[in-house]
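A.B. asks: First the structure, which I've put down as structure tokens, then a few questions once you've had a look.
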Amino acid sequence: GKTADLDRTSNRTRSRCRGGYLRFPSLCKQSGKTRHSCLSIRKRVVKLARTGAVGRWLFALLSLVVVMASAQGHLVVFDFDHTMIGCNSDTWVVEKLSKHKEQILGQLTRAGEKNAWTAGMDEAMAALHDEGVTVHDIRECMEAISIDQGIKDAIKRFSSRGSDVRVLSDANTLFIDWIIQANGLGDSVSKILSNPAHVQSNGQVRVRPFHTDPHHPSSSSPPNLCKGRVMDEWLDQGTWDKVVYCGDGGGDFEGCIRVPAGGVILARDGWTLHKKLLNATEAGNPPFATIQPWTDQQDLGRHLDALW
């Protein structure tokens with residue numbers, strides 16, 4: 001499942017350090033033991049503070065550098081279907097390319113009711129292949145899906161200002177990557193984490209679950225992907241200045257309740273995520289972050305534009 005995590009920022013060398021990820025790996029290279037090296041740096045900084053006015057000035061300066069180095073900036077997480085894009089990419093491809101779309105869509109619906117959507121999508125791809133639909137056809141279909149200009153502008157602006165923009169979706173890596181590349185966001189989205197998809201030698205697209213081991217018993221997520229587990233991992237990577245999560249469906253709930261205080265949850269108004277957050281709030285278990293409802297992709301773009 002880990003192969004589904006497409007990381008376009010592998011060239012950014014980050015060494016793990018106490019309090020976050022140090023953006024200056026050369027400070028910790030000498031010993032090869034990051035935590036030990038960072039502690040040594042801190043000890044030297046403290047010693048400087050004892051050497052008079054110049055030492056205190058250097059102490060203040062180096063303390064600022066350490067704080068800046070450990071800060072991760074902003075983390076912006078997007079669900080994909082019905083959030084970053086205005087449709088469901090899984091059903092879109094069936095509706096546009098299949099001669100038997102009613103039958104396949106019915107099978108997908110039944111699979112979803114059994115919490116087996118990913119397996120159902122794998123079967124749908126097999127059915128399209130049997131109909132003679134090619135990978136080229138599927139890719140063209142995906143590349144025809146446009147992302148709202150306001151959302152694209154916000155993502156590009158966030159990325160240019162140092163924010164880390166990631167996609168966390170229950171769709172699949174292949175479809176998401178094709179759509180993001182076609183919309184000119186390949187350099188602005190740092191990670192795509194979704195159900196891994198690949199093309200077999202015979203030209204058939206296969207889709208597999210991201211998580212194959214059981215979730216925590218308290219998780220309400222489908223078995224193939226718990227976004228709460230992923231958010232826990234991402235939040236453990238460092239101290240983020242601010243976390244924003246954009247979503248619409250019930251599968252986003254576990255991810256949203258991990259967003260720390262000071263963050264923002266952009267939940268689609270009246271959709272399952274929004275309802276579950278409101279129900280949790282009424283039950284006395286509100287999320288840590290502020291909830292901001294949005295209506296459609298244009299409205300989401302306006303909310304994103306107003307963040308910073």
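Letters A, B, ... go to the chains of the structure tokens in the order shown; residues in each chain start at 1; ligands are counted from 1 in the same order.
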With only C-alpha atoms as the counted atoms, please give the residues lying no more than 8 Å from stretch 260-270 of chain A, apart from itself and same-chain residues fewer than 2 positions off, as number ranges by chain.
C.D. replies: A: 83, 242-248, 256-258, 272-275, 288-296, 300
A.B. asks: Determine, using only C-alpha atoms, which residues of stretch 86-108 of chain A have any atom at most 8 Å from an atom of stretch 129-133 of chain A, and tabulate each with its shortest atom pair and distance in Å to one decimal place, rows ordered by chain and then rising number, as CSV.
C.D. replies:
residue,atom,partner,partner_atom,distance
A:Leu97,CA,A:Val133,CA,7.2
A:Ser98,CA,A:Glu131,CA,7.4
A:Lys99,CA,A:Glu131,CA,7.7
A.B. asks: Counting only C-alpha atoms, which residue out of A:Glu140, A:Asp187, A:Gly86, A:Val205 sits closest to A:Lys156?
C.D. replies: A:Asp187
A.B. asks: Quote the spacing between atom CA of A:Lys96 and atom CA of A:Glu143 in Å to one decimal place.
C.D. replies: 12.6 Å
A.B. asks: Nearest residue to A:Asn183 out of A:Arg110, A:His100, A:Met84, A:Asp213, using only C-alpha atoms?
C.D. replies: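 Answer, going by the shortest atom-to-atom distance: A:Met84.
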A.B. asks: Go through A:Gly255, A:Gly150, A:Pro286, A:Gly120 and flag the residue nearest A:Asp299, using only C-alpha atoms for the distances.
C.D. replies: A:Gly150
A.B. asks: Would you please extract all alpha helix (DSSP H) residues from stretch 255-293 of chain A, as assigned by DSSP on the backbone, and give them as a PyMOL selection string?
C.D. replies: chain A and resi 255-256+272-282
